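Structure file my_file.cif with mmCIF, C-alpha atoms and all ligand atoms:
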```cif
data_structure
loop_
_atom_site.label_atom_id
_atom_site.label_comp_id
_atom_site.auth_asym_id
_atom_site.auth_seq_id
_atom_site.Cartn_x
_atom_site.Cartn_y
_atom_site.Cartn_z
CA MET R 66 83.91 30.41 87.18
CA GLU R 67 80.88 28.41 88.37
CA LYS R 68 78.59 31.27 87.27
CA PHE R 69 80.21 31.29 83.83
CA VAL R 70 79.70 27.54 83.43
CA LEU R 71 76.03 27.84 84.45
CA LYS R 72 75.49 30.71 82.01
CA GLN R 73 77.17 28.73 79.23
CA ARG R 74 74.93 25.71 79.97
CA LYS R 75 71.83 27.90 79.85
CA MET R 76 72.92 29.34 76.50
CA ASP R 77 73.67 25.87 75.09
CA SER R 78 70.24 24.71 76.20
CA LEU R 79 68.56 27.71 74.52
CA LEU R 80 70.49 27.03 71.31
CA ASP R 81 69.42 23.36 71.47
CA LEU R 82 65.77 24.35 71.78
CA ASN R 83 66.05 26.28 68.52
CA LYS R 84 67.24 23.19 66.64
CA LYS R 85 64.65 21.66 64.35
CA VAL R 86 62.94 18.41 63.47
CA ASN R 87 60.94 17.35 60.40
CA VAL R 88 57.47 16.37 61.54
CA ALA R 89 54.74 14.85 59.35
CA TYR R 90 51.94 15.18 61.87
CA ILE R 91 51.15 15.34 65.57
CA ASN R 92 48.18 13.95 67.48
CA THR R 93 48.05 16.03 70.65
CA CYS R 94 46.10 13.45 72.66
CA THR R 95 45.63 9.82 71.72
CA GLU R 96 44.98 6.56 73.54
CA THR R 97 45.95 4.36 70.58
CA GLU R 98 49.75 4.75 70.66
CA GLY R 99 50.65 3.10 73.97
CA PRO R 100 49.54 3.10 77.61
CA TYR R 101 47.90 6.24 79.06
CA LYS R 102 47.05 9.39 77.15
CA ARG R 103 49.92 10.37 74.89
CA VAL R 104 51.05 12.83 72.27
CA GLY R 105 51.84 10.94 69.04
CA ILE R 106 54.54 12.46 66.84
CA TRP R 107 55.11 11.05 63.34
CA PHE R 108 58.39 12.13 61.76
CA GLN R 109 58.90 12.46 58.02
CA GLY R 110 61.46 10.31 56.24
CA CYS R 111 62.56 6.70 56.37
CA ASP R 112 65.40 4.94 54.56
CA ILE R 113 64.57 1.41 55.71
CA LEU R 114 61.82 0.99 53.11
CA CYS R 115 60.15 -2.16 54.44
CA LYS R 116 57.93 -4.00 52.01
CA GLY R 117 54.29 -3.43 53.05
CA CYS R 118 55.05 -0.35 55.18
CA CYS R 119 51.80 1.02 56.63
CA ASN R 120 52.97 4.64 56.30
CA PRO R 121 54.52 4.90 52.81
CA ASP R 122 53.72 8.62 52.65
CA LEU R 123 56.19 9.09 55.52
CA GLN R 124 59.09 7.44 53.67
CA PRO R 125 60.21 10.26 51.33
CA LEU R 126 63.13 12.23 52.75
CA VAL R 127 61.50 15.59 52.08
CA PRO R 128 60.80 18.57 54.31
CA ARG R 129 57.28 18.47 55.77
CA HIS R 130 56.78 20.63 58.87
CA ILE R 131 60.20 21.85 59.98
CA ILE R 132 59.64 22.99 63.54
CA THR R 133 61.83 23.82 66.51
CA ILE R 134 62.27 21.53 69.47
CA LYS R 135 60.85 24.35 71.60
CA LYS R 136 57.65 24.30 69.54
CA VAL R 137 57.34 20.50 69.92
CA ILE R 138 57.87 20.78 73.67
CA ASP R 139 55.31 23.60 73.94
CA ILE R 140 52.72 21.40 72.15
CA ILE R 141 53.46 18.53 74.55
CA LEU R 142 53.30 20.70 77.67
CA ASP R 143 50.05 22.31 76.50
CA SER R 144 48.55 18.85 76.08
CA LYS R 145 49.82 17.82 79.49
CA ALA R 146 48.01 20.83 80.98
CA ASP R 147 44.82 20.41 78.89
CA ASN R 148 44.52 16.62 78.55
CA GLY R 149 46.74 15.16 81.26
CA ILE R 150 48.96 13.24 78.83
CA GLU R 151 51.53 10.99 80.51
CA GLY R 152 54.04 10.81 77.69
CA VAL R 153 54.80 10.81 74.00
CA THR R 154 55.12 8.14 71.34
CA LEU R 155 57.65 8.80 68.57
CA LEU R 156 56.92 7.12 65.25
CA GLY R 157 57.27 7.66 61.55
CA GLY R 158 58.85 7.39 59.20
CA GLU R 159 62.05 6.59 61.05
CA PRO R 160 62.33 8.94 64.08
CA THR R 161 66.04 8.24 64.59
CA LEU R 162 66.89 9.84 61.23
CA GLN R 163 66.23 13.19 62.88
CA ASP R 164 69.61 14.66 63.78
CA ASN R 165 68.10 16.39 66.79
CA LEU R 166 66.01 13.54 68.19
CA GLY R 167 68.49 12.98 71.05
CA ILE R 168 68.16 16.61 72.10
CA LEU R 169 64.35 16.43 72.03
CA CYS R 170 64.33 13.20 74.05
CA GLY R 171 66.80 14.62 76.58
CA GLU R 172 64.63 17.71 77.13
CA LEU R 173 61.51 15.55 77.54
CA LYS R 174 63.27 13.29 80.02
CA ASN R 175 64.19 16.36 82.09
CA LEU R 176 60.50 17.32 82.09
CA ASP R 177 59.52 13.80 83.27
CA ILE R 178 57.56 13.11 80.09
CA GLY R 179 57.50 9.37 79.30
CA ILE R 180 58.92 8.37 75.90
CA ILE R 181 58.04 5.37 73.74
CA LEU R 182 60.07 5.07 70.54
CA PHE R 183 59.16 2.99 67.49
CA THR R 184 62.13 2.37 65.22
CA GLY R 185 62.75 0.18 62.20
CA LYS R 186 66.40 -0.14 63.25
CA ARG R 187 67.75 -2.62 65.77
CA ILE R 188 68.22 -1.24 69.25
CA ASP R 189 72.03 -1.54 69.04
CA GLU R 190 72.05 0.70 65.94
CA ILE R 191 70.45 3.61 67.77
CA ASP R 192 72.48 6.57 68.94
CA GLU R 193 73.36 6.32 72.63
CA LYS R 194 72.03 9.81 73.38
CA ILE R 195 68.57 8.69 72.23
CA ARG R 196 68.77 5.30 73.97
CA ASN R 197 69.72 6.94 77.27
CA ALA R 198 66.75 9.30 77.21
CA VAL R 199 63.79 7.10 76.24
CA ASP R 200 61.79 4.70 78.43
CA LEU R 201 60.69 2.02 75.99
CA ILE R 202 61.82 1.07 72.49
CA ILE R 203 60.02 -1.15 69.98
CA ASP R 204 62.61 -2.04 67.39
CA GLY R 205 62.97 -3.89 64.11
CA SER R 206 61.81 -3.49 60.54
CA PHE R 207 58.32 -4.54 59.44
CA GLU R 208 58.16 -8.07 57.96
CA PRO R 209 54.91 -8.58 56.03
CA ASP R 210 55.35 -12.37 55.98
CA ASN R 211 55.68 -12.50 59.75
CA LEU R 212 52.59 -10.60 60.91
CA GLU R 213 51.98 -10.04 64.62
CA ASN R 214 48.60 -11.21 65.89
CA GLU R 215 49.01 -11.04 69.66
CA ARG R 216 50.43 -7.61 70.43
CA ASN R 217 48.56 -4.40 69.66
CA LEU R 218 50.29 -1.71 67.62
CA ILE R 219 53.20 -3.96 66.66
CA GLY R 220 53.30 -4.97 62.99
CA SER R 221 55.41 -8.12 62.89
CA LYS R 222 56.63 -10.81 65.27
CA ASN R 223 60.32 -9.92 64.91
CA GLN R 224 59.77 -6.51 66.52
CA ILE R 225 60.84 -6.49 70.16
CA ILE R 226 59.66 -4.42 73.13
CA HIS R 227 62.66 -3.22 75.17
CA LEU R 228 62.13 -1.65 78.57
CA ILE R 229 64.91 0.91 78.87
CA THR R 230 63.70 2.25 82.22
CA GLU R 231 61.20 0.87 84.72
CA ARG R 232 58.63 3.56 83.83
CA TYR R 233 56.39 1.24 81.80
CA SER R 234 57.37 -2.04 83.44
CA GLY R 235 53.86 -2.43 84.90
CA ASP R 236 52.11 -1.47 81.65
CA LEU R 237 53.20 -4.10 79.14
CA GLN R 238 49.77 -5.77 79.35
CA TRP R 239 48.51 -2.76 77.35
CA PHE R 240 50.02 -4.32 74.22
CA TYR R 241 48.06 -7.56 74.74
CA ASP R 242 44.67 -6.16 75.81
CA LYS R 243 42.39 -6.37 72.78
CA ARG R 244 40.35 -3.38 74.03
CA ASN R 245 43.34 -1.24 73.04
CA LYS R 246 43.31 -2.46 69.45
CA LYS R 247 41.75 0.65 67.89
CA ILE R 248 42.30 3.12 65.14
CA GLU R 249 41.67 6.85 65.16
CA ILE R 250 41.05 9.14 62.25
CA ASN R 251 42.73 12.45 62.89
CA TYR R 252 42.83 15.76 61.16
CA ASP R 253 45.82 18.08 61.03
CA GLU R 254 45.47 21.48 59.39
CA GLY R 255 48.77 21.18 57.55
CA SER R 256 48.53 17.52 56.51
CA GLY R 257 44.81 16.78 56.26
CA PHE R 258 43.42 13.44 57.51
CA PHE R 259 45.67 10.71 58.86
CA ILE R 260 45.00 7.41 60.59
CA SER R 261 46.69 6.30 63.79
CA GLY R 262 46.54 3.23 66.00
CA ASP R 263 46.48 -0.42 65.04
CA VAL R 264 46.31 -0.15 61.27
CA ILE R 265 47.70 -3.64 60.43
S1 LIG D 1 60.74 1.36 59.29
FE1 LIG D 1 58.57 1.86 59.58
S2 LIG D 1 58.23 3.71 58.36
FE2 LIG D 1 60.17 2.82 57.67
S3 LIG D 1 59.60 1.57 55.92
FE3 LIG D 1 59.63 0.23 57.73
S4 LIG D 1 57.50 0.23 58.45
FE4 LIG D 1 57.73 1.97 57.06
#
```

Just give me the structure as C-alpha cells.
Amino acid sequence: MEKFVLKQRKMDSLLDLNKKVNVAYINTCTETEGPYKRVGIWFQGCDILCKGCCNPDLQPLVPRHIITIKKVIDIILDSKADNGIEGVTLLGGEPTLQDNLGILCGELKNLDIGIILFTGKRIDEIDEKIRNAVDLIIDGSFEPDNLENERNLIGSKNQIIHLITERYSGDLQWFYDKRNKKIEINYDEGSGFFISGDVI
C-alpha cells in the first residue's frame, strides 16, 4: 500500500511539472529584482489595470510564451549552477492569475529556491497554496498619486513588504540602499528588449 501511495505521488508530481504558465519574459540572472542574484520571471496578463502601470504591455490576457513548469524550473536550476542565483522574483503582469503558480512555487520551495512575489492584489486575496510556498510578498496595486521615494523597486507607498518566512528577514535593507536603485536593459529572443529594475 505504501509503495502504491509513493508511486501515485511521483506520478502526480510528474503531471504537475507538465502544467503550464504564461510567461512574458525571463531574466536568468539579475541583481535589480531583490537581494542576491535572482532569476526574474515576468508573467503575462493582469486584470487590476492600475493607472500609470509601468508594464502596460504585460496587461493583456493573451498567450505569450506558454511553457511547462518543468521548463521554468530547468531554467532556474541552470542559472543556479551557472550564476549562483539565490532565488527568483515573480512579477508581471499579475503572477497570481496563473492557475499553476502555486504548483511552481511549491516545487521551488522543495528545491530551497527563495521566492519573492510582487502582486497587485492584497495579501489576503492570494491563494493559500501560493502564500504557503513563498518567502516574501510585496502586495498592493500601484497608486500613481502616492509614489514611493524611499524603497527601491516598490512603486507606491501603499505597497507593503510582508515577510512570510524568515529567509529574507536580514535583507530588508536591500530595499532602502540607494546603490540597488538600478535598471537593466535585457534582451530575450522571443520578446526583444525589455527593461527591469527600478523603472519608476
Ligand atoms: S498590478 Fe502591476 S502589472 Fe497590473 S496593472 Fe497594476 S502595476 Fe500594472

>> List the spatial neighbours of range 165-179 of chain R as number ranges by chain - criterion: any atom at most 10 Å away, all atoms listed in the file, same-chain residues fewer than 6 positions off excluded.
In response: R: 78, 81-82, 84-87, 103, 133-135, 137-138, 141-142, 145, 150-155, 192-201, 230, 232-233

Once you count only C-alpha atoms and all ligand atoms, which residues end up within 10 Å of ligand LIG 1 (chain D), and could you hand them over as a PDB file with C-alpha atoms, keeping the file's coordinate frame?
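Just written: pocket_26.pdb:
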```pdb
ATOM      1  CA  TRP R 107      55.110  11.050  63.340  1.00  0.00           C
ATOM      2  CA  PHE R 108      58.390  12.130  61.760  1.00  0.00           C
ATOM      3  CA  GLN R 109      58.900  12.460  58.020  1.00  0.00           C
ATOM      4  CA  GLY R 110      61.460  10.310  56.240  1.00  0.00           C
ATOM      5  CA  CYS R 111      62.560   6.700  56.370  1.00  0.00           C
ATOM      6  CA  ASP R 112      65.400   4.940  54.560  1.00  0.00           C
ATOM      7  CA  ILE R 113      64.570   1.410  55.710  1.00  0.00           C
ATOM      8  CA  LEU R 114      61.820   0.990  53.110  1.00  0.00           C
ATOM      9  CA  CYS R 115      60.150  -2.160  54.440  1.00  0.00           C
ATOM     10  CA  LYS R 116      57.930  -4.000  52.010  1.00  0.00           C
ATOM     11  CA  GLY R 117      54.290  -3.430  53.050  1.00  0.00           C
ATOM     12  CA  CYS R 118      55.050  -0.350  55.180  1.00  0.00           C
ATOM     13  CA  CYS R 119      51.800   1.020  56.630  1.00  0.00           C
ATOM     14  CA  ASN R 120      52.970   4.640  56.300  1.00  0.00           C
ATOM     15  CA  PRO R 121      54.520   4.900  52.810  1.00  0.00           C
ATOM     16  CA  ASP R 122      53.720   8.620  52.650  1.00  0.00           C
ATOM     17  CA  LEU R 123      56.190   9.090  55.520  1.00  0.00           C
ATOM     18  CA  GLN R 124      59.090   7.440  53.670  1.00  0.00           C
ATOM     19  CA  PRO R 125      60.210  10.260  51.330  1.00  0.00           C
ATOM     20  CA  LEU R 156      56.920   7.120  65.250  1.00  0.00           C
ATOM     21  CA  GLY R 157      57.270   7.660  61.550  1.00  0.00           C
ATOM     22  CA  GLY R 158      58.850   7.390  59.200  1.00  0.00           C
ATOM     23  CA  GLU R 159      62.050   6.590  61.050  1.00  0.00           C
ATOM     24  CA  PRO R 160      62.330   8.940  64.080  1.00  0.00           C
ATOM     25  CA  PHE R 183      59.160   2.990  67.490  1.00  0.00           C
ATOM     26  CA  THR R 184      62.130   2.370  65.220  1.00  0.00           C
ATOM     27  CA  GLY R 185      62.750   0.180  62.200  1.00  0.00           C
ATOM     28  CA  LYS R 186      66.400  -0.140  63.250  1.00  0.00           C
ATOM     29  CA  ASP R 204      62.610  -2.040  67.390  1.00  0.00           C
ATOM     30  CA  GLY R 205      62.970  -3.890  64.110  1.00  0.00           C
ATOM     31  CA  SER R 206      61.810  -3.490  60.540  1.00  0.00           C
ATOM     32  CA  PHE R 207      58.320  -4.540  59.440  1.00  0.00           C
ATOM     33  CA  GLU R 208      58.160  -8.070  57.960  1.00  0.00           C
ATOM     34  CA  PRO R 209      54.910  -8.580  56.030  1.00  0.00           C
ATOM     35  CA  GLY R 220      53.300  -4.970  62.990  1.00  0.00           C
ATOM     36  CA  SER R 221      55.410  -8.120  62.890  1.00  0.00           C
TER      37      SER R 221
END
```

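Compared by their closest atoms to Ile203 in chain R, and using all atoms listed in the file, the residues R:Cys94, R:Ala89, R:Ile132, R:Ile219 rank with R:Ile219 nearest.
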
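Closest approach to Glu249 in chain R among R:Glu98, R:Glu213, R:Asp77, R:Asp164 is made by R:Glu98 (distances from all atoms listed in the file).
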
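In this structure, CA of Gly149 in chain R sits 11.0 Å away from CA of Thr95 in chain R.
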
Taking (48.3, 23.6, 60.8) in the file's coordinates, which residues come within 12 Å, counting all atoms listed in the file, written as a CSV table (one decimal) with C-alpha atoms, keeping the file's coordinate frame?
```csv
chain,number,residue,atom,x,y,z
R,88,VAL,CA,57.5,16.4,61.5
R,89,ALA,CA,54.7,14.8,59.4
R,90,TYR,CA,51.9,15.2,61.9
R,91,ILE,CA,51.2,15.3,65.6
R,92,ASN,CA,48.2,14.0,67.5
R,129,ARG,CA,57.3,18.5,55.8
R,130,HIS,CA,56.8,20.6,58.9
R,132,ILE,CA,59.6,23.0,63.5
R,252,TYR,CA,42.8,15.8,61.2
R,253,ASP,CA,45.8,18.1,61.0
R,254,GLU,CA,45.5,21.5,59.4
R,255,GLY,CA,48.8,21.2,57.6
R,256,SER,CA,48.5,17.5,56.5
R,257,GLY,CA,44.8,16.8,56.3
R,258,PHE,CA,43.4,13.4,57.5
```

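As for CA of Asn251 in chain R and CA of Asp263 in chain R, they are spaced 13.6 Å apart.
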
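Across the structure, CA of Leu126 in chain R and CA of Asn217 in chain R are spaced 27.8 Å apart.
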
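For the choices R:Ile191, R:Ile140, R:Ile250, R:Leu182, the atom-to-atom distance to Ile226 in chain R is smallest for R:Leu182 when using only C-alpha atoms.
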
From the structure just shown, export range 71-122 of chain R with C-alpha atoms as a CSV table (one decimal), in the first residue's frame.
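Dumped to decode_33.csv:
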```
chain,number,residue,atom,x,y,z
R,71,LEU,CA,4.6,6.7,-3.2
R,72,LYS,CA,4.2,5.8,-6.9
R,73,GLN,CA,0.9,7.8,-7.1
R,74,ARG,CA,2.7,10.8,-5.5
R,75,LYS,CA,5.5,10.5,-8.0
R,76,MET,CA,3.0,10.4,-10.9
R,77,ASP,CA,1.1,13.4,-9.6
R,78,SER,CA,4.3,15.3,-9.3
R,79,LEU,CA,5.3,14.5,-12.9
R,80,LEU,CA,1.8,15.5,-14.1
R,81,ASP,CA,2.2,18.8,-12.2
R,82,LEU,CA,5.5,19.5,-13.8
R,83,ASN,CA,3.8,19.3,-17.2
R,84,LYS,CA,1.3,22.0,-16.3
R,85,LYS,CA,2.0,25.4,-17.9
R,86,VAL,CA,2.3,29.0,-17.2
R,87,ASN,CA,2.1,32.1,-19.5
R,88,VAL,CA,5.5,33.9,-19.3
R,89,ALA,CA,6.3,37.3,-21.0
R,90,TYR,CA,10.0,37.2,-20.3
R,91,ILE,CA,12.7,35.8,-18.1
R,92,ASN,CA,15.9,37.4,-16.9
R,93,THR,CA,18.1,34.4,-15.9
R,94,CYS,CA,20.4,36.4,-13.7
R,95,THR,CA,19.7,39.9,-12.3
R,96,GLU,CA,20.7,41.9,-9.3
R,97,THR,CA,17.9,44.5,-9.7
R,98,GLU,CA,14.9,42.5,-8.6
R,99,GLY,CA,15.7,41.9,-4.9
R,100,PRO,CA,18.6,40.8,-2.7
R,101,TYR,CA,21.2,38.5,-4.1
R,102,LYS,CA,21.4,37.2,-7.7
R,103,ARG,CA,18.0,36.1,-8.8
R,104,VAL,CA,16.0,34.9,-11.8
R,105,GLY,CA,13.3,37.4,-12.7
R,106,ILE,CA,10.1,36.0,-14.2
R,107,TRP,CA,7.5,38.3,-15.7
R,108,PHE,CA,4.1,36.7,-16.3
R,109,GLN,CA,1.7,37.9,-19.0
R,110,GLY,CA,-1.7,39.2,-18.1
R,111,CYS,CA,-3.1,41.5,-15.4
R,112,ASP,CA,-6.7,42.4,-14.6
R,113,ILE,CA,-6.0,45.0,-12.0
R,114,LEU,CA,-5.2,47.7,-14.6
R,115,CYS,CA,-3.7,50.3,-12.3
R,116,LYS,CA,-3.5,53.8,-13.8
R,117,GLY,CA,0.2,54.5,-14.6
R,118,CYS,CA,1.2,50.8,-14.7
R,119,CYS,CA,4.9,50.6,-15.6
R,120,ASN,CA,4.4,47.4,-17.6
R,121,PRO,CA,1.2,48.0,-19.7
R,122,ASP,CA,2.4,45.5,-22.4
```
